[in-house]
$ cat start-v8.cif   # mmCIF, C-alpha atoms
data_coords
#
loop_
_atom_site.label_atom_id
_atom_site.label_comp_id
_atom_site.auth_asym_id
_atom_site.auth_seq_id
_atom_site.Cartn_x
_atom_site.Cartn_y
_atom_site.Cartn_z
CA MET A 1 18.56 -5.04 23.35
CA LYS A 2 15.81 -4.59 25.91
CA THR A 3 15.84 -2.63 29.12
CA GLU A 4 13.45 -2.82 32.05
CA THR A 5 10.56 -0.49 31.30
CA LYS A 6 6.84 -0.47 31.71
CA ASN A 7 5.37 -1.98 28.56
CA ARG A 8 1.64 -1.91 27.86
CA PRO A 9 1.24 -3.36 24.33
CA TYR A 10 -2.50 -2.68 24.26
CA ALA A 11 -1.69 1.03 24.52
CA TRP A 12 0.60 1.19 21.49
CA VAL A 13 0.25 -1.78 19.11
CA PRO A 14 -3.20 -0.87 17.69
CA SER A 15 -2.40 2.85 17.47
CA LEU A 16 1.01 2.18 15.87
CA TYR A 17 -0.45 0.19 12.99
CA PHE A 18 -3.40 2.52 12.63
CA ALA A 19 -0.82 5.30 12.24
CA GLU A 20 1.14 3.21 9.73
CA ALA A 21 -1.88 2.99 7.43
CA LEU A 22 -2.70 6.72 7.33
CA PRO A 23 0.25 8.17 5.37
CA TYR A 24 0.35 5.20 2.98
CA MET A 25 -3.33 5.64 2.14
CA ALA A 26 -2.90 9.42 1.87
CA VAL A 27 -0.11 9.00 -0.67
CA MET A 28 -1.56 6.10 -2.66
CA THR A 29 -5.31 6.75 -2.59
CA LEU A 30 -6.31 10.16 -1.28
CA SER A 31 -3.83 11.96 -3.56
CA VAL A 32 -5.37 10.34 -6.65
CA ILE A 33 -8.93 11.24 -5.65
CA MET A 34 -7.93 14.77 -4.65
CA TYR A 35 -6.03 15.51 -7.86
CA THR A 36 -8.89 14.10 -9.93
CA LYS A 37 -11.34 16.42 -8.20
CA LEU A 38 -8.95 19.34 -8.68
CA GLY A 39 -8.99 18.81 -12.45
CA LEU A 40 -5.71 17.06 -13.30
CA SER A 41 -5.71 14.97 -16.47
CA ASN A 42 -5.52 11.18 -16.22
CA THR A 43 -2.03 11.30 -17.73
CA ASP A 44 -0.66 13.76 -15.19
CA LEU A 45 -2.23 12.34 -12.06
CA ALA A 46 -1.18 8.75 -12.88
CA LEU A 47 2.38 9.75 -13.78
CA TYR A 48 3.05 11.96 -10.78
CA THR A 49 1.26 9.90 -8.15
CA GLY A 50 2.77 6.74 -9.64
CA TRP A 51 6.24 8.09 -8.83
CA LEU A 52 5.20 8.22 -5.18
CA TYR A 53 5.65 4.43 -5.03
CA LEU A 54 9.43 4.93 -5.33
CA PRO A 55 10.22 5.12 -1.58
CA TRP A 56 8.71 1.65 -1.08
CA VAL A 57 10.71 0.35 -4.05
CA ILE A 58 14.05 1.53 -2.69
CA LYS A 59 13.18 1.06 0.98
CA PRO A 60 15.71 -1.79 1.45
CA LEU A 61 18.50 0.65 0.53
CA TRP A 62 18.06 2.78 3.63
CA SER A 63 16.63 0.27 6.08
CA PRO A 64 20.21 -0.39 7.34
CA ILE A 65 20.43 3.29 8.27
CA VAL A 66 17.21 3.07 10.31
CA ASP A 67 18.53 -0.07 11.98
CA SER A 68 21.92 1.41 12.86
CA LEU A 69 21.24 5.08 13.64
CA ARG A 70 19.18 6.22 16.64
CA THR A 71 16.44 4.01 18.09
CA LYS A 72 13.41 2.66 16.27
CA ARG A 73 11.27 4.45 18.84
CA TRP A 74 12.91 7.74 17.83
CA TRP A 75 12.30 7.03 14.13
CA ILE A 76 8.64 6.14 14.72
CA ILE A 77 7.80 9.28 16.67
CA SER A 78 9.86 11.55 14.40
CA MET A 79 8.27 10.18 11.23
CA GLN A 80 4.75 10.49 12.63
CA LEU A 81 5.36 14.13 13.49
CA LEU A 82 6.92 14.73 10.07
CA VAL A 83 3.94 13.11 8.33
CA GLY A 84 1.57 15.27 10.37
CA ALA A 85 3.49 18.40 9.39
CA SER A 86 3.53 17.30 5.73
CA LEU A 87 -0.24 16.81 5.71
CA GLY A 88 -0.68 20.27 7.20
CA ALA A 89 1.62 21.67 4.50
CA VAL A 90 -0.45 19.98 1.79
CA ALA A 91 -3.55 21.59 3.27
CA LEU A 92 -1.93 25.03 3.10
CA THR A 93 -0.42 24.70 -0.38
CA LEU A 94 -3.79 23.80 -1.92
CA GLN A 95 -4.75 27.46 -1.44
CA VAL A 96 -1.85 29.00 -3.39
CA ASP A 97 -1.17 29.44 -7.12
CA TRP A 98 1.57 26.81 -7.14
CA TRP A 99 -0.67 24.30 -5.37
CA PHE A 100 0.21 21.30 -7.53
CA LYS A 101 4.01 21.55 -7.27
CA GLY A 102 3.79 22.41 -3.58
CA SER A 103 1.38 19.65 -2.59
CA LEU A 104 3.25 17.08 -4.67
CA ALA A 105 6.54 17.99 -2.96
CA PHE A 106 4.99 17.41 0.45
CA PHE A 107 3.42 14.14 -0.73
CA TRP A 108 6.98 13.08 -1.66
CA LEU A 109 8.20 13.96 1.82
CA MET A 110 5.25 12.06 3.28
CA ALA A 111 6.01 8.99 1.13
CA PHE A 112 9.64 8.79 2.29
CA SER A 113 8.56 9.37 5.90
CA SER A 114 5.91 6.66 5.63
CA ALA A 115 8.32 4.10 4.17
CA THR A 116 10.83 4.89 6.93
CA HIS A 117 8.07 4.55 9.53
CA ASP A 118 7.21 1.11 8.13
CA ILE A 119 10.81 -0.07 8.63
CA ALA A 120 10.97 1.21 12.20
CA ALA A 121 7.49 0.03 13.22
CA ASP A 122 7.99 -3.56 12.07
CA GLY A 123 11.37 -3.71 13.79
CA PHE A 124 9.97 -2.20 16.98
CA TYR A 125 7.13 -4.76 17.04
CA ILE A 126 9.73 -7.52 17.30
CA LEU A 127 11.81 -5.69 19.91
CA GLY A 128 8.90 -4.51 22.03
CA LEU A 129 7.08 -7.84 22.35
CA ASP A 130 8.16 -11.33 23.31
CA GLU A 131 7.23 -14.26 21.07
CA LYS A 132 3.99 -14.98 22.91
CA GLN A 133 2.90 -11.34 22.69
CA GLN A 134 3.85 -11.17 19.02
CA ALA A 135 1.53 -14.08 18.28
CA LEU A 136 -1.22 -12.59 20.44
CA TYR A 137 -1.12 -9.16 18.79
CA VAL A 138 -0.56 -10.15 15.15
CA GLY A 139 -4.30 -10.16 14.45
CA ILE A 140 -4.77 -6.93 16.38
CA ARG A 141 -2.10 -5.11 14.37
CA SER A 142 -3.62 -6.32 11.08
CA THR A 143 -7.08 -5.23 12.18
CA ALA A 144 -5.78 -1.83 13.27
CA TYR A 145 -4.13 -1.33 9.88
CA ARG A 146 -7.39 -2.21 8.09
CA VAL A 147 -9.29 0.21 10.33
CA GLY A 148 -6.80 2.85 9.22
CA MET A 149 -7.59 1.98 5.60
CA ILE A 150 -11.31 2.34 6.21
CA PHE A 151 -10.74 5.61 8.06
CA CYS A 152 -8.88 7.04 5.05
CA GLN A 153 -10.71 5.52 2.09
CA GLY A 154 -14.07 5.66 3.78
CA PHE A 155 -14.53 8.31 6.45
CA LEU A 156 -12.06 10.92 5.17
CA VAL A 157 -13.15 10.61 1.53
CA MET A 158 -16.80 10.90 2.55
CA LEU A 159 -15.91 13.90 4.73
CA ALA A 160 -14.24 15.57 1.75
CA GLY A 161 -17.34 14.84 -0.35
CA TRP A 162 -19.63 16.29 2.28
CA LEU A 163 -17.47 19.42 2.49
CA GLU A 164 -17.47 19.76 -1.30
CA ALA A 165 -21.22 20.33 -1.14
CA SER A 166 -20.71 23.62 0.71
CA GLN A 167 -17.10 24.60 -0.06
CA SER A 168 -14.84 24.75 -3.07
CA VAL A 169 -13.02 21.51 -3.85
CA SER A 170 -9.67 22.95 -2.78
CA VAL A 171 -11.02 24.20 0.56
CA ALA A 172 -12.77 20.87 1.19
CA TRP A 173 -9.56 18.93 0.67
CA SER A 174 -7.51 21.45 2.66
CA ILE A 175 -9.77 20.86 5.65
CA THR A 176 -9.62 17.08 5.16
CA MET A 177 -5.83 17.00 4.88
CA GLY A 178 -5.49 19.39 7.83
CA LEU A 179 -7.63 17.17 10.06
CA MET A 180 -5.65 14.13 8.99
CA GLY A 181 -2.42 15.96 9.81
CA ALA A 182 -3.74 16.84 13.25
CA ALA A 183 -4.58 13.17 13.82
CA MET A 184 -1.01 12.17 12.93
CA LEU A 185 0.45 14.78 15.29
CA LEU A 186 -1.76 13.49 18.09
CA LEU A 187 -0.63 9.93 17.36
CA GLY A 188 3.00 11.09 17.49
CA GLY A 189 2.36 12.62 20.90
CA TRP A 190 0.54 9.51 22.08
CA HIS A 191 3.43 7.26 21.10
CA GLY A 192 5.88 9.62 22.76
CA LEU A 193 4.06 8.76 25.99
CA PHE A 194 3.28 5.07 25.51
CA LEU A 195 5.96 3.50 23.32
CA PRO A 196 8.26 1.63 25.74
CA LYS A 197 12.00 2.27 25.72
CA VAL A 198 13.26 -1.15 24.73
CA GLU A 199 16.59 -0.27 23.11
CA HIS A 200 19.89 0.77 24.68
CA SER A 201 20.58 4.30 23.46
CA GLU A 202 24.32 3.71 23.15
CA ALA A 203 23.74 0.67 20.94
CA ALA A 204 21.46 2.61 18.64
CA GLN A 205 23.63 5.65 17.94
CA GLY A 206 25.38 3.93 15.06
CA SER A 207 28.99 4.03 13.98
CA ALA A 208 31.09 3.84 10.84
CA SER A 209 31.93 0.21 11.55
CA GLY A 210 28.30 -0.60 12.30
CA LEU A 211 27.11 1.00 9.08
CA SER A 212 29.83 -0.82 7.16
CA SER A 213 28.62 -4.05 8.67
CA VAL A 214 25.00 -3.55 7.62
CA LEU A 215 26.08 -2.54 4.10
CA SER A 216 28.09 -5.74 3.90
CA SER A 217 24.98 -7.59 5.09
CA PHE A 218 22.95 -5.95 2.33
CA ARG A 219 25.50 -7.14 -0.24
CA ASP A 220 25.20 -10.69 1.11
CA THR A 221 21.41 -10.43 0.82
CA ILE A 222 21.69 -9.51 -2.85
CA LEU A 223 23.95 -12.48 -3.44
CA ALA A 224 21.58 -14.81 -1.57
CA PHE A 225 18.69 -13.48 -3.63
CA GLY A 226 20.55 -14.04 -6.89
CA ARG A 227 21.42 -17.63 -5.98
CA LYS A 228 17.78 -18.63 -5.53
CA PRO A 229 16.60 -21.42 -7.88
CA HIS A 230 14.43 -20.41 -10.85
CA ILE A 231 15.37 -16.79 -10.26
CA VAL A 232 14.34 -15.56 -13.74
CA SER A 233 10.80 -16.95 -13.62
CA ALA A 234 10.47 -15.71 -10.02
CA LEU A 235 11.54 -12.18 -10.98
CA LEU A 236 9.09 -12.10 -13.87
CA PHE A 237 6.32 -13.31 -11.57
CA MET A 238 7.05 -10.70 -8.91
CA LEU A 239 7.16 -7.86 -11.42
CA LEU A 240 4.34 -8.83 -13.80
CA PHE A 241 1.74 -10.83 -11.87
CA ARG A 242 -0.06 -7.59 -10.97
CA PHE A 243 0.56 -5.88 -14.32
CA PRO A 244 -3.17 -5.47 -15.13
CA GLU A 245 -4.15 -4.70 -11.54
CA ALA A 246 -1.52 -1.95 -11.24
CA GLN A 247 -3.10 -0.10 -14.16
CA LEU A 248 -6.69 -0.75 -13.06
CA ALA A 249 -6.06 0.39 -9.49
CA LYS A 250 -4.60 3.70 -10.64
CA MET A 251 -7.53 4.58 -12.91
CA ALA A 252 -10.56 2.99 -11.24
CA GLN A 253 -11.44 5.92 -8.99
CA PRO A 254 -10.72 8.68 -11.56
CA PHE A 255 -12.93 6.75 -14.00
CA MET A 256 -15.81 6.76 -11.55
CA LEU A 257 -15.38 10.47 -10.79
CA ARG A 258 -15.12 11.65 -14.41
CA PRO A 259 -18.31 13.03 -16.04
CA LEU A 260 -20.42 10.82 -18.29
CA GLU A 261 -19.41 12.82 -21.36
CA GLU A 262 -15.77 11.97 -20.65
CA GLY A 263 -16.61 8.27 -20.44
CA GLY A 264 -16.77 8.13 -16.63
CA LEU A 265 -19.58 7.32 -14.22
CA SER A 266 -20.03 10.83 -12.79
CA LEU A 267 -20.15 9.61 -9.19
CA ASP A 268 -19.51 12.04 -6.35
CA THR A 269 -16.77 11.85 -3.74
CA ILE A 270 -19.08 10.45 -1.06
CA ASP A 271 -19.96 7.52 -3.35
CA ILE A 272 -16.27 6.76 -3.81
CA GLY A 273 -15.78 6.74 -0.04
CA VAL A 274 -18.59 4.23 0.41
CA ILE A 275 -17.62 2.04 -2.55
CA TYR A 276 -13.89 1.74 -1.88
CA GLY A 277 -13.70 2.65 1.80
CA THR A 278 -16.32 0.24 3.11
CA VAL A 279 -17.78 -2.16 0.53
CA GLY A 280 -14.46 -2.64 -1.26
CA VAL A 281 -12.35 -3.06 1.87
CA ILE A 282 -14.77 -5.58 3.40
CA ALA A 283 -14.79 -7.63 0.18
CA LEU A 284 -10.99 -7.43 -0.03
CA LEU A 285 -10.61 -8.70 3.54
CA ALA A 286 -13.14 -11.48 2.95
CA GLY A 287 -11.25 -12.62 -0.13
CA GLY A 288 -7.95 -12.66 1.75
CA VAL A 289 -9.39 -14.62 4.66
CA LEU A 290 -10.99 -17.15 2.29
CA GLY A 291 -7.72 -17.53 0.41
CA GLY A 292 -5.82 -18.22 3.62
CA ILE A 293 -8.37 -20.82 4.73
CA VAL A 294 -8.37 -22.85 1.51
CA VAL A 295 -4.57 -22.82 1.22
CA SER A 296 -4.20 -23.95 4.84
CA MET A 297 -6.53 -26.84 4.07
CA HIS A 298 -5.28 -28.01 0.68
CA GLY A 299 -1.99 -26.25 -0.08
CA LEU A 300 -1.13 -23.52 -2.57
CA ARG A 301 -0.57 -25.78 -5.57
CA ARG A 302 -4.17 -26.98 -5.61
CA TRP A 303 -5.55 -23.41 -5.49
CA TRP A 304 -2.95 -21.75 -7.71
CA TRP A 305 -4.99 -21.45 -10.91
CA PRO A 306 -8.31 -20.64 -9.21
CA MET A 307 -6.51 -17.77 -7.48
CA VAL A 308 -4.89 -16.60 -10.72
CA MET A 309 -8.30 -16.54 -12.39
CA ALA A 310 -9.90 -14.84 -9.38
CA ILE A 311 -7.50 -11.90 -9.55
CA SER A 312 -7.94 -11.58 -13.33
CA ILE A 313 -11.44 -12.37 -14.56
CA PRO A 314 -13.38 -9.91 -12.33
CA ASP A 315 -11.54 -7.04 -14.08
CA LEU A 316 -14.11 -7.51 -16.84
CA VAL A 317 -16.71 -5.70 -14.72
CA TYR A 318 -14.97 -2.41 -15.58
CA ILE A 319 -15.61 -3.01 -19.28
CA TYR A 320 -19.29 -3.33 -18.39
CA PHE A 321 -19.11 -0.10 -16.36
CA ALA A 322 -17.45 1.79 -19.22
CA VAL A 323 -19.79 0.51 -21.94
CA CYS A 324 -23.09 0.73 -20.05
CA GLN A 325 -22.28 3.65 -17.70
CA PRO A 326 -24.90 2.55 -15.12
CA THR A 327 -26.75 5.44 -13.50
CA SER A 328 -27.54 3.47 -10.33
CA VAL A 329 -24.79 2.91 -7.77
CA ILE A 330 -26.08 -0.59 -6.90
CA PRO A 331 -24.40 -2.41 -9.83
CA VAL A 332 -21.25 -0.40 -9.16
CA TYR A 333 -21.23 -1.53 -5.53
CA ALA A 334 -21.77 -5.14 -6.63
CA GLY A 335 -19.13 -5.00 -9.37
CA VAL A 336 -16.45 -3.45 -7.15
CA ALA A 337 -17.24 -5.93 -4.37
CA LEU A 338 -16.78 -8.81 -6.84
CA GLU A 339 -13.52 -7.39 -8.18
CA GLN A 340 -12.11 -6.73 -4.70
CA LEU A 341 -13.21 -10.15 -3.43
CA GLY A 342 -11.40 -11.79 -6.34
CA TYR A 343 -8.37 -9.59 -5.80
CA GLY A 344 -8.14 -10.46 -2.11
CA PHE A 345 -8.51 -14.16 -2.87
CA GLY A 346 -6.03 -14.14 -5.75
CA PHE A 347 -3.45 -11.99 -3.99
CA THR A 348 -3.03 -14.81 -1.47
CA ALA A 349 -1.17 -16.76 -4.14
CA TYR A 350 1.19 -13.85 -4.77
CA SER A 351 1.86 -13.23 -1.07
CA LEU A 352 2.58 -16.88 -0.33
CA PHE A 353 4.84 -17.19 -3.35
CA LEU A 354 7.01 -14.39 -1.92
CA VAL A 355 7.12 -16.15 1.45
CA TYR A 356 8.08 -19.51 -0.08
CA PHE A 357 10.67 -17.93 -2.38
CA SER A 358 12.29 -16.11 0.56
CA ARG A 359 12.84 -19.20 2.70
CA GLY A 360 16.40 -20.24 3.35
CA ASP A 361 19.50 -18.10 3.76
CA ARG A 362 18.76 -14.51 4.95
CA SER A 363 15.02 -15.07 4.55
CA THR A 364 13.89 -11.81 6.20
CA SER A 365 16.17 -9.64 4.09
CA VAL A 366 15.34 -11.53 0.90
CA PHE A 367 11.64 -11.04 1.62
CA SER A 368 12.27 -7.31 1.97
CA LEU A 369 13.77 -7.29 -1.54
CA CYS A 370 10.75 -9.21 -2.83
CA THR A 371 8.37 -6.58 -1.45
CA ALA A 372 10.48 -3.88 -3.13
CA LEU A 373 10.05 -5.67 -6.47
CA GLN A 374 6.33 -5.94 -5.70
CA ALA A 375 6.18 -2.15 -5.30
CA LEU A 376 8.14 -1.67 -8.54
CA GLY A 377 5.66 -3.92 -10.32
CA MET A 378 2.86 -1.61 -9.18
CA MET A 379 4.72 1.65 -9.81
CA LEU A 380 5.78 1.35 -13.44
CA PRO A 381 2.47 0.16 -14.98
CA GLY A 382 0.54 2.65 -12.84
CA MET A 383 2.58 5.56 -14.18
CA ILE A 384 1.50 4.93 -17.79
CA ALA A 385 -2.10 4.01 -16.96
CA GLY A 386 -3.37 7.60 -17.19
CA TRP A 387 -1.79 8.17 -20.60
CA LEU A 388 -3.34 4.94 -21.88
CA ALA A 389 -6.75 5.96 -20.53
CA ASP A 390 -6.50 9.34 -22.27
CA GLU A 391 -5.34 7.78 -25.55
CA LEU A 392 -7.73 4.82 -25.65
CA GLY A 393 -10.72 6.21 -23.75
CA PHE A 394 -11.97 4.36 -20.70
CA THR A 395 -13.66 1.57 -22.68
CA GLY A 396 -10.52 0.89 -24.69
CA PHE A 397 -8.39 1.17 -21.58
CA PHE A 398 -10.34 -1.45 -19.64
CA ILE A 399 -10.29 -3.78 -22.66
CA TRP A 400 -6.50 -3.33 -22.66
CA VAL A 401 -6.37 -4.14 -18.93
CA ALA A 402 -8.36 -7.32 -19.54
CA ALA A 403 -5.94 -8.29 -22.33
CA CYS A 404 -3.02 -7.71 -19.95
CA CYS A 405 -4.38 -10.53 -17.80
CA LEU A 406 -2.71 -12.83 -20.34
CA VAL A 407 0.59 -11.59 -18.90
CA THR A 408 -0.57 -12.67 -15.44
CA PHE A 409 -1.46 -16.12 -16.79
CA ALA A 410 1.90 -16.42 -18.57
CA VAL A 411 4.11 -15.59 -15.57
CA SER A 412 1.93 -17.80 -13.34
CA ALA A 413 2.44 -20.73 -15.71
CA PHE A 414 6.24 -20.46 -15.45
CA ALA A 415 6.44 -19.79 -11.71
CA LYS A 416 7.74 -22.73 -9.69
CA ILE A 417 5.39 -23.57 -6.82
CA PRO A 418 6.81 -25.58 -3.90
CA GLU A 419 5.24 -29.00 -3.40
CA GLY A 420 3.04 -29.66 -0.40
CA GLU A 421 3.14 -26.11 1.04
CA LYS A 422 0.31 -25.14 3.38
#

$ encode --input "start-v8.cif" --output "structure tokens"
Amino acid sequence: MKTETKNRPYAWVPSLYFAEALPYMAVMTLSVIMYTKLGLSNTDLALYTGWLYLPWVIKPLWSPIVDSLRTKRWWIISMQLLVGASLGAVALTLQVDWWFKGSLAFFWLMAFSSATHDIAADGFYILGLDEKQQALYVGIRSTAYRVGMIFCQGFLVMLAGWLEASQSVSVAWSITMGLMGAAMLLLGGWHGLFLPKVEHSEAAQGSASGLSSVLSSFRDTILAFGRKPHIVSALLFMLLFRFPEAQLAKMAQPFMLRPLEEGGLSLDTIDIGVIYGTVGVIALLAGGVLGGIVVSMHGLRRWWWPMVMAISIPDLVYIYFAVCQPTSVIPVYAGVALEQLGYGFGFTAYSLFLVYFSRGDRSTSVFSLCTALQALGMMLPGMIAGWLADELGFTGFFIWVAACCLVTFAVSAFAKIPEGEK
């Protein structure tokens, strides 16, 4: 429930979603690049960083706790400060003998904090804004999140690469993680000042009966999910549509960083920041925007198979990279841009399928379960991707990924698409 308080959405909506992007990108992207540069094998880095998806898989299990205990404002600020402290701890542990176990433990803490922050931030957006403001700021929040992605994948990765030229790899990444942690602490302080108090404190303290009620609600959500029509084909689609992409995404950057003699492209960290932090993100956004436009014009059914092919066929560029090992970065830029453009365009089909599937009874909660299955579909294939790359070599691995696109085609063929949806 809302109370009278001064609310300036422009002062907190962009910064809130910028802050939401930082820990997610740190866990999912920066950790992979950092561990590659620190010498971990493909098998180890994929397995251990793949496990970091788990908090987003099981997020629906503790979202009732966030909803019923304390205020969402309290959770947001607390999680931002905890993420900042975790990043600082990663920076420190990189300089000790047990750096891998220590840094991985704090990445785990960061992952759970980030997933909890996601729950609270999305709930607070609805509480803190009326319907008109929600519509007004939806584009701003999306843009702020993408800026956070570019800041992490682009600026911070390039900063680490620049520091690597004059420092050891561990020191370079300690400085990078430390600066990122300081940024999160500042954001936590900022939101302590500017997030409006829109919840009654007594209603947000939680109680045994309140917790029992939300657990009962979760049970009803599971039952509603299970009663959906064509549930088996929908489950297979949610889990397996991104089967090839989950493996490719986990190994793409390590492949580009590995030396030529190991089958990689021997690019430096700055190149990775430019390729994935700017060129790749821009292409990804362009593909998503294009996908939204064509579906709004003609409906999802008409564009279903073009989108399935768009997310699959561009994966072939990695076979070219592995076989030819181009020494110029220009074809790499072009190939990654093509792959990310296709991914952004094709992912529109997946996103809209989840929306259409979730409609009906308890739609918001059912959609939350769908996104958990989406995370599981990325986690499990990503965990074995490094082992496959080590066993098959990068050329064999990318051929395997291309073959896995047949799985995407199969589950797409059996998925039931609503008629006339736009």

$ residues_around --input "start-v8.cif" --residues "region 39-46 of chain A" --least-positions-apart "4" --cutoff "6 Å" --atoms "only C-alpha atoms" --output "JSON list (two decimals) with C-alpha atoms, in the coordinates of the input"
[["chain", "number", "residue", "atom", "x", "y", "z"],
["A", 35, "TYR", "CA", -6.03, 15.51, -7.86],
["A", 50, "GLY", "CA", 2.77, 6.74, -9.64],
["A", 383, "MET", "CA", 2.58, 5.56, -14.18],
["A", 386, "GLY", "CA", -3.37, 7.60, -17.19],
["A", 387, "TRP", "CA", -1.79, 8.17, -20.60]]

$ resolve_selection --input "start-v8.cif" --expression "the PyMOL selection byres ((chain A and resi 335) around 12)" --output "PyMOL selection string"
chain A and resi 252+275-276+279-280+283+313-321+326+328-334+336-342

$ atom_distance --input "start-v8.cif" --atom1 "CA of Arg70 (chain A)" --atom2 "CA of Ile119 (chain A)"
13.2 Å

$ residues_around --input "start-v8.cif" --residues "Leu109 (chain A)" --least-positions-apart "4" --cutoff "8 Å" --atoms "all atoms listed in the file" --output "tab-separated table (two decimals) with C-alpha atoms, in the frame of the given file"
chain	number	residue	atom	x	y	z
A	83	VAL	CA	3.94	13.11	8.33
A	86	SER	CA	3.53	17.30	5.73
A	105	ALA	CA	6.54	17.99	-2.96
A	113	SER	CA	8.56	9.37	5.90

$ closest_residue --input "start-v8.cif" --among "A:Ser365, A:Ser68, A:Val57, A:Ser174" --to "Leu223 (chain A)" --atoms "only C-alpha atoms"
A:Ser365

$ resolve_selection --input "start-v8.cif" --expression "the PyMOL selection byres ((chain A and resi 308) around 12)" --output "NGL selection string"
:A and (237 or 241-242 or 245 or 291 or 300-307 or 309-314 or 342-350 or 405-413 or 415)

$ resolve_selection --input "start-v8.cif" --expression "the PyMOL selection byres ((chain A and resi 189) around 12)" --output "PyMOL selection string"
chain A and resi 12+15-16+19+76-82+84+182-188+190-195

$ write_last_selection --input "start-v8.cif" --atoms "C-alpha atoms" --output "PDB file, in the frame of the given file"
ATOM      1  CA  TRP A  12       0.600   1.190  21.490  1.00  0.00           C
ATOM      2  CA  SER A  15      -2.400   2.850  17.470  1.00  0.00           C
ATOM      3  CA  LEU A  16       1.010   2.180  15.870  1.00  0.00           C
ATOM      4  CA  ALA A  19      -0.820   5.300  12.240  1.00  0.00           C
ATOM      5  CA  ILE A  76       8.640   6.140  14.720  1.00  0.00           C
ATOM      6  CA  ILE A  77       7.800   9.280  16.670  1.00  0.00           C
ATOM      7  CA  SER A  78       9.860  11.550  14.400  1.00  0.00           C
ATOM      8  CA  MET A  79       8.270  10.180  11.230  1.00  0.00           C
ATOM      9  CA  GLN A  80       4.750  10.490  12.630  1.00  0.00           C
ATOM     10  CA  LEU A  81       5.360  14.130  13.490  1.00  0.00           C
ATOM     11  CA  LEU A  82       6.920  14.730  10.070  1.00  0.00           C
ATOM     12  CA  GLY A  84       1.570  15.270  10.370  1.00  0.00           C
ATOM     13  CA  ALA A 182      -3.740  16.840  13.250  1.00  0.00           C
ATOM     14  CA  ALA A 183      -4.580  13.170  13.820  1.00  0.00           C
ATOM     15  CA  MET A 184      -1.010  12.170  12.930  1.00  0.00           C
ATOM     16  CA  LEU A 185       0.450  14.780  15.290  1.00  0.00           C
ATOM     17  CA  LEU A 186      -1.760  13.490  18.090  1.00  0.00           C
ATOM     18  CA  LEU A 187      -0.630   9.930  17.360  1.00  0.00           C
ATOM     19  CA  GLY A 188       3.000  11.090  17.490  1.00  0.00           C
ATOM     20  CA  TRP A 190       0.540   9.510  22.080  1.00  0.00           C
ATOM     21  CA  HIS A 191       3.430   7.260  21.100  1.00  0.00           C
ATOM     22  CA  GLY A 192       5.880   9.620  22.760  1.00  0.00           C
ATOM     23  CA  LEU A 193       4.060   8.760  25.990  1.00  0.00           C
ATOM     24  CA  PHE A 194       3.280   5.070  25.510  1.00  0.00           C
ATOM     25  CA  LEU A 195       5.960   3.500  23.320  1.00  0.00           C
TER      26      LEU A 195
END

$ closest_residue --input "start-v8.cif" --among "A:Ser266, A:Ala389, A:Gly102, A:Pro9" --to "Leu136 (chain A)" --atoms "all atoms listed in the file"
A:Pro9

$ atom_distance --input "start-v8.cif" --atom1 "CA of Ala91 (chain A)" --atom2 "CA of Met180 (chain A)"
9.6 Å

$ atom_distance --input "start-v8.cif" --atom1 "CA of Met34 (chain A)" --atom2 "CA of Thr176 (chain A)"
10.2 Å

$ axis_aligned_box --input "start-v8.cif" --around "region 402-419 of chain A" --padding-each-side "4 Å" --output "AutoDock Vina command-line options"
--center_x -0.3 --center_y -18.2 --center_z -12.9 --size_x 24.1 --size_y 29.7 --size_z 26.9

$ residues_around --input "start-v8.cif" --residues "Lys59 (chain A)" --least-positions-apart "4" --cutoff "7 Å" --atoms "only C-alpha atoms" --output "tab-separated table (two decimals) with C-alpha atoms, keeping the file's coordinate frame"
chain	number	residue	atom	x	y	z
A	55	PRO	CA	10.22	5.12	-1.58
A	63	SER	CA	16.63	0.27	6.08
A	115	ALA	CA	8.32	4.10	4.17
A	372	ALA	CA	10.48	-3.88	-3.13

$ closest_residue --input "start-v8.cif" --among "A:Leu61, A:Val323, A:Val157, A:Leu129" --to "Phe397 (chain A)" --atoms "all atoms listed in the file"
A:Val323
